[in-house]
$ cat target21.txt   # compact mmCIF, C-alpha atoms
# COMPACT_ATOMS: atom_id res chain seq x y z
CA MET A 1 2.82 -7.40 -8.41
CA ASN A 2 2.33 -6.50 -4.79
CA ARG A 3 4.67 -4.23 -2.84
CA LYS A 4 7.02 -6.96 -1.64
CA GLN A 5 7.22 -8.57 -5.07
CA LYS A 6 8.25 -5.27 -6.64
CA LEU A 7 10.90 -4.72 -4.03
CA LEU A 8 12.37 -8.23 -4.21
CA ASP A 9 11.81 -8.96 -7.90
CA GLY A 10 14.67 -11.15 -9.19
CA LEU A 11 16.44 -11.60 -5.83
CA ASN A 12 17.15 -15.17 -4.69
CA LEU A 13 17.13 -14.53 -0.96
CA LYS A 14 18.28 -18.03 -0.03
CA GLN A 15 21.50 -17.66 -2.03
CA LEU A 16 22.32 -14.01 -1.29
CA THR A 17 23.43 -11.92 1.66
CA GLY A 18 21.77 -8.56 2.09
CA ILE A 19 21.22 -5.51 4.25
CA GLU A 20 17.90 -3.98 5.19
CA ILE A 21 18.13 -0.41 6.44
CA GLY A 22 15.51 0.75 8.91
CA PRO A 23 13.38 -2.43 9.13
CA LEU A 24 11.75 -1.23 12.39
CA PHE A 25 8.86 -3.63 13.17
CA ARG A 26 7.99 -4.74 9.62
CA PRO A 27 11.12 -5.95 7.82
CA VAL A 28 10.81 -6.70 4.12
CA VAL A 29 13.12 -9.70 4.48
CA THR A 30 12.90 -11.79 7.63
CA LYS A 31 15.79 -13.76 9.07
CA SER A 32 13.99 -16.98 8.11
CA GLU A 33 13.84 -15.91 4.46
CA GLY A 34 17.52 -15.23 4.00
CA ASP A 35 20.84 -14.01 5.35
CA VAL A 36 19.98 -10.38 6.11
CA ILE A 37 21.68 -7.77 8.29
CA TYR A 38 19.43 -5.18 9.96
CA ILE A 39 20.93 -1.70 10.17
CA ASP A 40 19.50 1.50 11.65
CA HIS A 41 20.63 4.85 13.03
CA ALA A 42 20.07 3.64 16.61
CA ASP A 43 20.10 0.38 18.54
CA THR A 44 16.99 -1.65 19.30
CA GLU A 45 16.33 -0.27 22.78
CA SER A 46 16.75 3.33 21.62
CA LEU A 47 14.27 2.74 18.79
CA ARG A 48 11.74 1.24 21.19
CA ASN A 49 12.04 4.27 23.44
CA LYS A 50 11.75 6.63 20.48
CA TYR A 51 8.52 5.07 19.20
CA ARG A 52 6.98 4.11 22.55
CA THR A 53 4.29 6.80 22.28
CA ASN A 54 3.71 6.30 18.55
CA SER A 55 0.47 4.35 18.14
CA ALA A 56 1.38 3.42 14.56
CA VAL A 57 4.43 1.42 15.69
CA ASP A 58 4.31 -1.91 17.52
CA VAL A 59 7.39 -1.34 19.69
CA ASN A 60 7.41 -4.96 20.89
CA ALA A 61 7.78 -6.10 17.28
CA ILE A 62 10.77 -3.88 16.50
CA VAL A 63 13.49 -6.23 15.26
CA GLU A 64 16.91 -6.62 16.81
CA ILE A 65 19.34 -4.25 15.08
CA ASP A 66 22.62 -5.90 14.02
CA ALA A 67 24.64 -2.73 13.40
CA VAL A 68 24.21 1.01 14.07
CA TRP A 69 25.17 3.28 11.17
CA GLY A 70 25.90 6.83 12.28
CA ALA A 71 29.26 7.96 13.61
CA GLN A 72 31.01 5.13 11.77
CA THR A 73 31.03 4.48 8.04
CA LEU A 74 28.89 1.60 6.81
CA ARG A 75 31.99 -0.40 5.88
CA GLU A 76 33.27 0.03 9.44
CA CYS A 77 29.90 -1.08 10.83
CA LEU A 78 30.13 -4.27 8.78
CA LYS A 79 33.82 -4.82 9.65
CA ASN A 80 34.68 -4.75 5.92
CA ARG A 81 32.12 -7.40 5.07
CA THR A 82 30.40 -7.06 1.66
CA VAL A 83 26.87 -7.99 0.59
CA ASP A 84 24.86 -8.70 -2.55
CA TYR A 85 21.98 -6.32 -2.06
CA VAL A 86 20.69 -3.48 0.12
CA ILE A 87 17.02 -2.70 0.77
CA ALA A 88 16.00 0.77 1.91
CA SER A 89 12.27 1.46 2.07
CA HIS A 90 11.38 5.10 2.79
CA VAL A 91 14.93 5.78 3.94
CA ILE A 92 16.61 7.83 1.20
CA GLU A 93 14.44 10.89 1.90
CA HIS A 94 15.81 11.05 5.47
CA VAL A 95 19.51 10.88 4.54
CA PRO A 96 21.38 14.15 5.35
CA ASP A 97 24.11 13.67 2.71
CA LEU A 98 22.72 11.77 -0.26
CA ILE A 99 25.94 11.46 -2.28
CA THR A 100 28.07 10.18 0.61
CA TRP A 101 25.26 7.78 1.60
CA LEU A 102 25.30 6.29 -1.90
CA GLU A 103 29.10 6.08 -1.85
CA GLU A 104 29.04 4.19 1.45
CA LEU A 105 26.43 1.77 0.15
CA HIS A 106 28.47 1.25 -3.01
CA SER A 107 31.53 0.44 -0.89
CA VAL A 108 29.85 -2.58 0.76
CA LEU A 109 28.18 -4.04 -2.32
CA ASN A 110 29.74 -6.83 -4.34
CA ARG A 111 30.32 -6.33 -8.05
CA GLN A 112 26.91 -6.14 -9.73
CA GLY A 113 25.37 -5.61 -6.30
CA GLU A 114 21.95 -3.99 -6.11
CA LEU A 115 20.34 -1.23 -4.09
CA ARG A 116 16.56 -1.58 -3.87
CA LEU A 117 14.75 1.66 -2.96
CA VAL A 118 11.16 2.54 -2.14
CA VAL A 119 10.75 6.30 -2.45
CA PRO A 120 7.75 8.46 -1.46
CA ASP A 121 6.25 10.45 -4.32
CA LYS A 122 5.87 14.00 -2.96
CA ARG A 123 2.75 14.63 -5.03
CA PHE A 124 0.70 12.29 -2.81
CA THR A 125 2.27 12.70 0.65
CA PHE A 126 2.61 15.41 3.28
CA ASP A 127 5.49 16.79 1.16
CA LEU A 128 3.03 17.82 -1.56
CA ILE A 129 3.58 21.60 -1.39
CA ARG A 130 7.30 21.40 -0.66
CA ARG A 131 9.65 22.22 -3.50
CA GLU A 132 11.35 19.38 -5.34
CA THR A 133 14.94 18.65 -4.38
CA GLU A 134 17.43 20.22 -6.79
CA LEU A 135 21.01 19.38 -7.66
CA CYS A 136 22.37 22.37 -5.70
CA ASP A 137 20.65 21.12 -2.51
CA VAL A 138 22.33 17.73 -2.75
CA LEU A 139 25.72 19.24 -3.63
CA SER A 140 25.50 21.67 -0.70
CA ALA A 141 24.99 18.81 1.79
CA TYR A 142 27.84 16.87 0.16
CA ILE A 143 30.26 19.80 0.44
CA ALA A 144 29.22 20.32 4.08
CA HIS A 145 29.73 16.60 4.87
CA ALA A 146 26.31 16.74 6.54
CA ARG A 147 25.79 14.08 9.21
CA VAL A 148 22.48 15.54 10.41
CA PRO A 149 19.64 17.21 8.47
CA GLN A 150 20.63 20.76 7.58
CA PRO A 151 18.63 23.79 8.83
CA ILE A 152 17.20 24.48 5.37
CA CYS A 153 15.80 20.93 5.22
CA ILE A 154 14.31 21.23 8.71
CA LEU A 155 12.74 24.59 7.89
CA ASP A 156 11.28 23.44 4.57
CA HIS A 157 9.89 20.34 6.21
CA LEU A 158 8.32 21.99 9.27
CA LEU A 159 7.03 25.05 7.42
CA ASN A 160 5.43 23.12 4.56
CA VAL A 161 4.48 19.55 5.49
CA SER A 162 0.70 19.33 5.25
CA HIS A 163 -2.25 17.07 5.89
CA VAL A 164 -2.75 15.31 2.55
CA ASP A 165 -5.22 12.59 1.63
CA PRO A 166 -3.49 10.56 -1.12
CA LYS A 167 -6.74 9.71 -2.91
CA ARG A 168 -7.75 13.36 -2.97
CA ALA A 169 -4.28 14.29 -4.22
CA TRP A 170 -4.75 11.88 -7.12
CA ASP A 171 -8.25 13.08 -7.98
CA THR A 172 -7.94 16.80 -7.23
CA GLU A 173 -5.31 19.42 -7.94
CA LEU A 174 -4.16 20.44 -4.46
CA ASN A 175 -2.00 23.46 -3.65
CA ALA A 176 -0.78 25.51 -0.69
CA GLU A 177 -4.20 27.15 -0.31
CA SER A 178 -6.17 23.90 -0.28
CA VAL A 179 -4.21 21.95 2.34
CA GLU A 180 -3.63 22.52 6.04
CA ARG A 181 -0.05 22.71 7.29
CA CYS A 182 0.97 20.40 10.13
CA HIS A 183 3.17 22.87 12.01
CA SER A 184 3.27 26.55 12.87
CA PHE A 185 6.05 29.02 12.10
CA ALA A 186 7.05 28.91 15.77
CA ASP A 187 7.49 25.12 15.55
CA ALA A 188 10.11 25.43 12.82
CA ILE A 189 12.67 27.85 14.26
CA PRO A 190 13.90 26.05 17.44
CA PRO A 191 14.81 22.71 15.75
CA ALA A 192 16.57 24.46 12.87
CA THR A 193 18.50 26.65 15.33
CA ASP A 194 19.37 23.63 17.46
CA SER A 195 20.66 21.77 14.40
CA PHE A 196 22.84 24.72 13.37
CA GLN A 197 24.24 25.53 16.79
CA ASN A 198 24.55 22.07 18.35
CA GLY A 199 24.53 19.61 15.45
CA THR A 200 21.46 17.89 16.88
CA TYR A 201 19.72 15.30 14.72
CA HIS A 202 16.11 16.24 13.93
CA ASP A 203 14.40 13.62 11.78
CA VAL A 204 12.79 15.19 8.69
CA HIS A 205 12.46 14.49 5.00
CA CYS A 206 15.64 16.08 3.68
CA TRP A 207 14.73 15.37 0.05
CA THR A 208 11.49 15.34 -1.92
CA PHE A 209 11.02 13.57 -5.24
CA THR A 210 8.69 12.59 -8.00
CA PRO A 211 9.81 9.65 -10.17
CA ARG A 212 10.82 12.06 -12.93
CA SER A 213 12.70 14.50 -10.66
CA PHE A 214 14.47 11.55 -9.01
CA ALA A 215 15.70 10.25 -12.36
CA SER A 216 16.66 13.75 -13.52
CA LEU A 217 18.71 14.36 -10.35
CA PHE A 218 20.52 11.04 -10.68
CA GLU A 219 21.20 11.72 -14.36
CA SER A 220 22.86 15.02 -13.39
CA LEU A 221 24.87 13.35 -10.61
CA ALA A 222 25.95 10.63 -13.04
CA ARG A 223 27.13 13.17 -15.62
CA ALA A 224 29.28 14.74 -12.88
CA GLY A 225 30.69 11.33 -11.94
CA LEU A 226 29.17 11.52 -8.46
CA VAL A 227 27.04 8.39 -8.58
CA HIS A 228 28.20 4.90 -9.51
CA PHE A 229 24.84 3.21 -9.76
CA ALA A 230 22.85 2.64 -12.93
CA CYS A 231 19.06 2.42 -12.95
CA ASP A 232 18.39 -1.26 -13.57
CA ASN A 233 14.60 -1.21 -13.13
CA PHE A 234 11.79 0.89 -11.71
CA PHE A 235 8.07 0.77 -10.98
CA ASP A 236 6.27 4.09 -11.32
CA THR A 237 3.79 5.32 -8.71
CA GLU A 238 0.54 3.45 -9.18
CA ARG A 239 -2.87 5.05 -8.95
CA TYR A 240 -3.84 5.90 -5.36
CA GLU A 241 -0.41 4.83 -4.10
CA ILE A 242 2.24 7.16 -2.64
CA GLU A 243 5.55 5.53 -3.58
CA PHE A 244 7.71 4.33 -6.47
CA PHE A 245 10.37 1.61 -6.64
CA VAL A 246 13.86 1.86 -8.10
CA THR A 247 16.53 -0.84 -8.50
CA LEU A 248 20.07 0.54 -8.74
CA LYS A 249 22.98 -1.65 -9.83
CA THR A 250 26.66 -0.89 -9.33
CA SER A 251 28.50 0.07 -12.52
CA ASP A 252 31.85 1.47 -13.64
CA ASP A 253 30.55 2.60 -17.04
CA GLN A 254 29.69 6.29 -16.65
CA GLN A 255 27.95 6.61 -20.00
CA GLN A 256 25.83 3.56 -19.31
CA ILE A 257 24.91 5.04 -15.92
CA VAL A 258 23.91 8.37 -17.50
CA ASN A 259 21.89 6.64 -20.22
CA SER A 260 20.06 4.46 -17.70
CA TRP A 261 18.82 7.47 -15.72
CA ALA A 262 17.86 9.31 -18.89
CA ALA A 263 15.85 6.24 -19.90
CA MET A 264 14.05 6.18 -16.55
CA LYS A 265 13.30 9.90 -16.84
CA ASN A 266 11.81 9.43 -20.30
CA ALA A 267 9.73 6.45 -19.14
CA THR A 268 8.11 8.13 -16.14
CA LYS A 269 4.55 9.37 -16.26
CA THR A 270 4.33 13.10 -16.79
CA SER A 271 0.75 13.76 -15.71
CA VAL A 272 -1.63 13.01 -12.87
CA PRO A 273 -5.24 12.29 -13.91
CA HIS A 274 -6.91 14.71 -11.48
CA ASP A 275 -10.24 14.37 -13.28
CA ALA A 276 -10.14 10.57 -13.17
CA ALA A 277 -12.81 10.49 -10.46
CA SER A 278 -15.44 11.19 -13.12
CA SER A 279 -14.55 8.02 -15.01
CA SER A 280 -14.56 4.38 -14.00
CA GLU A 281 -11.63 3.70 -16.31
CA PRO A 282 -8.13 5.17 -15.82
CA LEU A 283 -7.40 7.94 -18.29
CA PRO A 284 -4.64 7.17 -20.81
CA ASP A 285 -1.30 8.57 -19.84
CA LEU A 286 -0.35 11.46 -22.09
CA LEU A 287 3.17 10.21 -22.61
CA ASP A 288 1.90 6.76 -23.62
CA LEU A 289 -0.54 8.39 -26.01
CA GLU A 290 2.22 10.43 -27.60
CA ARG A 291 4.38 7.34 -27.92
CA SER A 292 1.52 5.49 -29.62
CA ARG A 293 1.06 8.33 -32.11
CA ASN A 294 4.77 8.41 -32.86
CA LEU A 295 4.85 4.64 -33.30
CA ALA A 296 1.87 4.77 -35.67
CA LEU A 297 3.56 7.52 -37.70
CA LEU A 298 6.79 5.52 -37.81
CA ARG A 299 4.93 2.48 -39.11
CA LYS A 300 3.30 4.57 -41.84
CA LEU A 301 6.69 5.94 -42.88
CA GLU A 302 8.17 2.45 -42.94
CA ALA A 303 5.27 1.21 -45.08
CA ALA A 304 5.73 4.13 -47.48
CA HIS A 305 9.45 3.42 -47.69
CA ARG A 306 8.77 -0.24 -48.51
CA THR A 307 6.32 0.76 -51.23
CA ILE A 308 8.86 3.10 -52.79
CA GLN A 309 11.58 0.47 -52.55
CA GLU A 310 9.35 -2.17 -54.16
CA LEU A 311 8.48 0.27 -56.95
CA GLN A 312 12.11 1.14 -57.56
CA ASP A 313 13.05 -2.55 -57.70
CA SER A 314 10.28 -3.37 -60.16
CA THR A 315 10.86 -4.05 -63.88
CA SER A 316 8.58 -1.20 -64.99
CA TRP A 317 10.62 1.29 -62.91
CA ARG A 318 13.83 0.23 -64.62
CA VAL A 319 12.25 0.20 -68.12
CA THR A 320 10.78 3.69 -67.75
CA GLY A 321 14.02 5.11 -66.31
CA PRO A 322 15.10 6.83 -69.58
CA LEU A 323 11.68 8.47 -69.91
CA ARG A 324 11.84 9.89 -66.37
CA SER A 325 15.34 11.20 -67.10
CA LEU A 326 14.14 12.90 -70.31
CA GLY A 327 11.17 14.43 -68.44
CA SER A 328 13.48 15.86 -65.78
CA THR A 329 15.72 17.42 -68.46
CA LEU A 330 12.75 19.06 -70.22
CA ARG A 331 11.43 20.47 -66.93
CA ARG A 332 14.83 22.05 -66.14
CA LYS A 333 14.95 23.64 -69.62
CA ARG A 334 11.45 25.10 -69.20
CA GLN A 335 12.43 26.53 -65.80
CA ARG A 336 15.50 28.25 -67.32
CA ALA A 337 13.39 29.63 -70.16

$ encode --input "target21.txt" --output "structure tokens"
Amino acid sequence: MNRKQKLLDGLNLKQLTGIEIGPLFRPVVTKSEGDVIYIDHADTESLRNKYRTNSAVDVNAIVEIDAVWGAQTLRECLKNRTVDYVIASHVIEHVPDLITWLEELHSVLNRQGELRLVVPDKRFTFDLIRRETELCDVLSAYIAHARVPQPICILDHLLNVSHVDPKRAWDTELNAESVERCHSFADAIPPATDSFQNGTYHDVHCWTFTPRSFASLFESLARAGLVHFACDNFFDTERYEIEFFVTLKTSDDQQQIVNSWAAMKNATKTSVPHDAASSSEPLPDLLDLERSRNLALLRKLEAAHRTIQELQDSTSWRVTGPLRSLGSTLRRKRQRA
């Protein structure tokens, strides 16, 4: 599957109404492909001005934004309209208040609606040496009703984002000593101060994830009743790629939600084959190897159980029953003697 196929897998765009958040100049779903509403934090003209000096963005191709989500809730932006799906590619990491963001998305989705996410894997991006987002970070932003990135997020971002080559990150174990930071200490203080004193929005990655830490966080949020989405499907980060894909589906069953995130956590890859460059074939994933060993052991146990059962059901087993009973009695007498 290519990137778009993973993101849209199972969606019938012609029959559904959806939202794409932050489409910029390369929307996943075009207006010709389906009924889609483009939403961003700013209107079209503001986005074109923002990215005018960014050579990586074709400002003339930036799509017309249908609704601006910022001061208003998402439901207010849509005038109480509901949709079947939401697509957010490389958006969730920018959201100041993750829990409230999810709640607002949930409020505009129809029953069994889906949220399709593409999430950067910190291990292969400029977030590599930043710490993984923890439950307390997300709860703190939720309690603060954060509408802009908090100073701690701005500081962590500007002090630790680094120049990272994804291929090198896959093939080599990189750390704080082996990468070059993008910003100086002096660069970090003014934006963080401005955010604290004036509530100014400074665009940073508020959250950093690996597939496993993402699932673990959502499992914890689900146990606390703070997320009402189950993990319906996911695609782990592929070799030499920097992102993973998660499909979330609305649900009212808390236990099912918890179990779904636990299942994703257990299914994620736990290792990165740093020494893979020396081999033309991908190294086997350690978790898959362990699963194979466990499955082989289980099959051996099942075969042994069948053998025992067949023996116990046999005529000779029944005929020799009295002899085995007599033998057991004699052994017990010898042990007492």

$ atom_distance --input "target21.txt" --atom1 "atom CA of Phe25 of chain A" --atom2 "atom CA of Gly70 of chain A"
20.0 Å

$ closest_residue --input "target21.txt" --among "A:Leu115, A:Ala224, A:Ile143, A:Met264" --to "Gly18 of chain A" --atoms "only C-alpha atoms"
A:Leu115

$ residues_around --input "target21.txt" --residues "segment 149-164 of chain A" --least-positions-apart "2" --cutoff "9 Å" --atoms "only C-alpha atoms" --output "PyMOL selection string"
chain A and resi 94-97+124-131+141+146-147+166-169+174+176+179-185+187-189+191-196+199-207

$ closest_residue --input "target21.txt" --among "A:Met1, A:Phe214, A:Asn233, A:Gly34" --to "Asp121 of chain A" --atoms "only C-alpha atoms"
A:Phe214

$ closest_residue --input "target21.txt" --among "A:Ala267, A:Ala88, A:Val57, A:Leu78" --to "Gly22 of chain A" --atoms "only C-alpha atoms"
A:Ala88

$ closest_residue --input "target21.txt" --among "A:Leu7, A:His41, A:Thr17, A:His90" --to "Val108 of chain A" --atoms "only C-alpha atoms"
A:Thr17

$ closest_residue --input "target21.txt" --among "A:Leu13, A:Ala263, A:Val63, A:Ile87" --to "Arg26 of chain A" --atoms "all atoms listed in the file"
A:Val63

$ atom_distance --input "target21.txt" --atom1 "atom CA of Tyr240 of chain A" --atom2 "atom CA of Val119 of chain A"
14.9 Å

$ atom_distance --input "target21.txt" --atom1 "atom CA of Thr210 of chain A" --atom2 "atom CA of Asn175 of chain A"
15.9 Å

$ residues_around --input "target21.txt" --residues "Lys50 of chain A" --least-positions-apart "6" --cutoff "12 Å" --atoms "all atoms listed in the file" --output "MDAnalysis selection string"
chainID A and resid 24 41:44 57:59 62 203

$ closest_residue --input "target21.txt" --among "A:Glu132, A:Glu20, A:Asp66, A:Glu33" --to "Val83 of chain A" --atoms "all atoms listed in the file"
A:Glu20

$ residues_around --input "target21.txt" --residues "segment 257-262 of chain A" --least-positions-apart "6" --cutoff "6 Å" --atoms "only C-alpha atoms" --output "ChimeraX atom specification"
/A:215,219,222,230-231

$ write_last_selection --input "target21.txt" --atoms "C-alpha atoms" --output "JSON list (two decimals), in the coordinates of the input"
[["chain", "number", "residue", "atom", "x", "y", "z"],
["A", 215, "ALA", "CA", 15.70, 10.25, -12.36],
["A", 219, "GLU", "CA", 21.20, 11.72, -14.36],
["A", 222, "ALA", "CA", 25.95, 10.63, -13.04],
["A", 230, "ALA", "CA", 22.85, 2.64, -12.93],
["A", 231, "CYS", "CA", 19.06, 2.42, -12.95]]
